[in-house]
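Trainee: Structure below; questions to follow.
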Amino acid sequence: MHADRIEATYLIETPLAPAKVAEVMAGEQSCGTFTRVHGETDDLRARARAIVESVEKLDTADTPALPNTWLERQRTPGPWQRARITISFPTANIGANLPTLAATVAGNLYDLGEVTGLRLESLRIPQAYRAQFDLPRHGVAGTRRLTGVADGPLVGSIIKPNVGLSAEETGDLVGTLCAAGLDFIKDDEICADPAHAPLVQRIPAVMDRVRRHQDRTGKHVMVAFNITDETDAMRRHADLVEREGGSCIMVSLNWCGHSAVQTLRRHSGLVLHGHRNGFGALSRHPLLGIGFDAYQALWRLTGVDHMHVHGLNGKFAQPDAEVIDGARACLAPLAADASDAADAVMPAFSSGQWAGTVPVTWEAVGTADLMFMSGGGIMAHPDGPAAGVQSIRQAWDAVRAGRTLDDAAADLPELRRSLDFFGKKG
């Protein structure tokens, strides 16, 4: 790829010629519009216009994926051709401006009259451009260092009930989860600064239990406090987490926005846990929105350390293939021409995970550089949370040693109970 251009790949659907639509897209998102305008000289176009790099025709459809009033007014008939299009954009058009990068590779493209479907699938970013943005402060290696987990997955859980507990009740629950042997605990995305447990009370209450556990065992349990809010409030709450000896903050990426997360990253040296809630609204339709590969590329430019990818055989709608591709993307170098994974972020697996979903996770990604978070699989274990944590660790030890869970469970009562209890529920 070119060192001074970003490449974006799209899946489109249109009743028109895909190559013509690709040129409309390139013009719309760079120096032009639907027709050449006054001042759009040849020299300007050479410097600033996006370039159609490739057009690959795919299948056709008898009906459009999405309604389109512009095409309906013109009574444009089908069939509707689907195609994969790659367009490159000059980095000089954008600069080190993440919101404008997002507006360039997505933006008005979704409203184009020429298409009945458009999805941004992936981005390829040159190293020189990636270097203008924030790297993760901690990533995989730093998270391992802070938690003392040198090998294997970080086993985590989510505070449940997700809302309703007071600050002290939340602190007590965190103390129980620390004693159960967790590496990582996170707030739920809908519990940030509620009246019944404001962060100014909840952070000290939780960190009191974390410090006590660390004093007893030497183990620092990483707690991701959900500080999602307006920017100044997030900075204040991050400062409080740091003063209390915490190591991690969590934000709902889609609702804070790229600029706010960049500001928070530059303000705080804490681990930044990126929660993608709302991503389904951007991704569930196969011919609309944004694929996770492009999504994670944009958010990694903010400097996040962790990214949610959901879980395999989980409770959400995403297919397993998307989860697998997402995890691999998080662990791969972001820049297309980078030679190492120094900027990798730690993928966080969650949603319906328990000991029984460990084998498919290991088989799919082939690495333990991940967070494996389980709510019910830990908290609802018939022998209690500590047995739930142990069952997950036993499952990971088994699959990494090449053993089946049933074989390993013959000598491991926590794993046996988990398989019998949750397996029947499945």
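Labeling convention for the structure tokens: chains A, B, ... as they appear, residues from 1 per chain, ligands from 1 in order of appearance.
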Run DSSP on the backbone and grab whatever in stretch 81-255 of chain A lands in strand (DSSP E or B); send it over as a ChimeraX atom specification.
Mentor: /A:81-90,117-125,154-158,184-186,222-226,248-252
Trainee: Where does DSSP see alpha helix (DSSP H) in stretch 185-328 of chain A, if you list the residues as a ChimeraX atom specification?
Mentor: /A:199-217,231-243,253-256,258-267,279-283,292-300,320-328
Trainee: For the contact check between stretch 258-312 of chain A and stretch 95-118 of chain A, emit one row per residue of stretch 258-312 of chain A within 9 Å, containing the shortest atom pair and the distance in Å rounded to one decimal, counting only C-alpha atoms, chain then rising number order, as a Markdown table.
Mentor:
```
| residue | atom | partner | partner_atom | distance |
| --- | --- | --- | --- | --- |
| A:His258 | CA | A:Pro99 | CA | 6.3 |
| A:Ser259 | CA | A:Pro99 | CA | 6.9 |
| A:Gln262 | CA | A:Leu98 | CA | 8.9 |
| A:Pro286 | CA | A:Gly117 | CA | 8.6 |
| A:Leu287 | CA | A:Gly117 | CA | 4.9 |
| A:Leu288 | CA | A:Leu118 | CA | 5.0 |
| A:Gly289 | CA | A:Leu118 | CA | 6.8 |
| A:Ile290 | CA | A:Ala106 | CA | 8.4 |
| A:Leu298 | CA | A:Ala102 | CA | 7.3 |
| A:Leu301 | CA | A:Leu98 | CA | 7.5 |
| A:Thr302 | CA | A:Leu98 | CA | 8.1 |
```
Trainee: Next, the residues of the selection above should be written as an mmCIF file, in the first residue's frame with N, CA and C atoms.
Mentor:
```
data_model
loop_
_atom_site.group_PDB
_atom_site.id
_atom_site.type_symbol
_atom_site.label_atom_id
_atom_site.label_comp_id
_atom_site.auth_asym_id
_atom_site.auth_seq_id
_atom_site.Cartn_x
_atom_site.Cartn_y
_atom_site.Cartn_z
ATOM 1 N N HIS A 258 -14.902 9.438 19.806
ATOM 2 C CA HIS A 258 -13.457 9.356 19.607
ATOM 3 C C HIS A 258 -12.712 10.476 20.321
ATOM 4 N N SER A 259 -13.199 11.695 20.220
ATOM 5 C CA SER A 259 -12.464 12.827 20.797
ATOM 6 C C SER A 259 -12.366 12.718 22.309
ATOM 7 N N GLN A 262 -9.896 10.012 23.271
ATOM 8 C CA GLN A 262 -8.534 10.510 23.064
ATOM 9 C C GLN A 262 -8.116 11.437 24.198
ATOM 10 N N PRO A 286 -25.984 -7.109 7.450
ATOM 11 C CA PRO A 286 -24.790 -7.453 6.664
ATOM 12 C C PRO A 286 -24.469 -6.465 5.556
ATOM 13 N N LEU A 287 -25.401 -5.582 5.216
ATOM 14 C CA LEU A 287 -25.141 -4.604 4.159
ATOM 15 C C LEU A 287 -25.314 -3.176 4.654
ATOM 16 N N LEU A 288 -24.997 -2.966 5.925
ATOM 17 C CA LEU A 288 -25.085 -1.625 6.482
ATOM 18 C C LEU A 288 -24.115 -1.483 7.649
ATOM 19 N N GLY A 289 -23.537 -0.319 7.783
ATOM 20 C CA GLY A 289 -22.766 -0.021 8.976
ATOM 21 C C GLY A 289 -21.278 -0.269 8.844
ATOM 22 N N ILE A 290 -20.728 -0.932 9.854
ATOM 23 C CA ILE A 290 -19.280 -1.076 9.946
ATOM 24 C C ILE A 290 -18.936 -2.435 10.516
ATOM 25 N N LEU A 298 -10.294 2.084 14.121
ATOM 26 C CA LEU A 298 -10.545 3.464 14.510
ATOM 27 C C LEU A 298 -10.366 3.664 16.008
ATOM 28 N N LEU A 301 -6.817 3.753 17.514
ATOM 29 C CA LEU A 301 -6.094 5.018 17.343
ATOM 30 C C LEU A 301 -6.304 5.967 18.526
ATOM 31 N N THR A 302 -7.284 5.669 19.391
ATOM 32 C CA THR A 302 -7.454 6.483 20.606
ATOM 33 C C THR A 302 -6.499 6.057 21.712
#
```
Trainee: Skipping near chain neighbours, those fewer than 6 positions away, what residues fall within 8 Å of A:Met250 using only C-alpha atoms, listed as a ChimeraX atom specification?
Mentor: /A:186-187,224-228,272-275
Trainee: When you look at A:Asn313 with a cut-off of 9 Å (counting only C-alpha atoms), what residues show up, excluding the ones that are within fewer than 3 positions of it in the same chain? I need them as a VMD selection string.
Mentor: chain A and resid 316 319 to 320 351 to 353 357 360
Trainee: With C-alpha atoms retained, write the just-selected residues as a tab-separated table (two decimals), in the first residue's frame.
Mentor:
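Below is the file result_7.tsv, written as the result:
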```tsv
chain	number	residue	atom	x	y	z
A	316	PHE	CA	-25.40	-12.47	21.67
A	319	PRO	CA	-21.58	-15.22	14.59
A	320	ASP	CA	-18.55	-16.97	16.03
A	351	SER	CA	-21.30	-12.84	27.13
A	352	GLY	CA	-22.41	-16.30	28.18
A	353	GLN	CA	-18.91	-17.61	28.83
A	357	THR	CA	-16.81	-22.42	26.09
A	360	VAL	CA	-13.82	-23.50	21.27
```
Trainee: Counting only C-alpha atoms, figure out which residue out of A:Gln390, A:Ser252, A:Gln201, A:Thr86 gets nearest to A:Glu230.
Mentor: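 The closest residue to A:Glu230 is A:Ser252.
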Trainee: Which residue out of A:Met346, A:Val24, A:Leu312, A:Ala3 has the minimum interatomic distance to A:Ala364 when only C-alpha atoms are used?
Mentor: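 Going through A:Met346, A:Val24, A:Leu312, A:Ala3 one by one, the smallest distance to A:Ala364 is for A:Leu312.
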Trainee: For atom CA of A:Pro15 and atom CA of A:Leu282, quote the distance in Å rounded to one decimal.
Mentor: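 It comes out at 23.5 Å.
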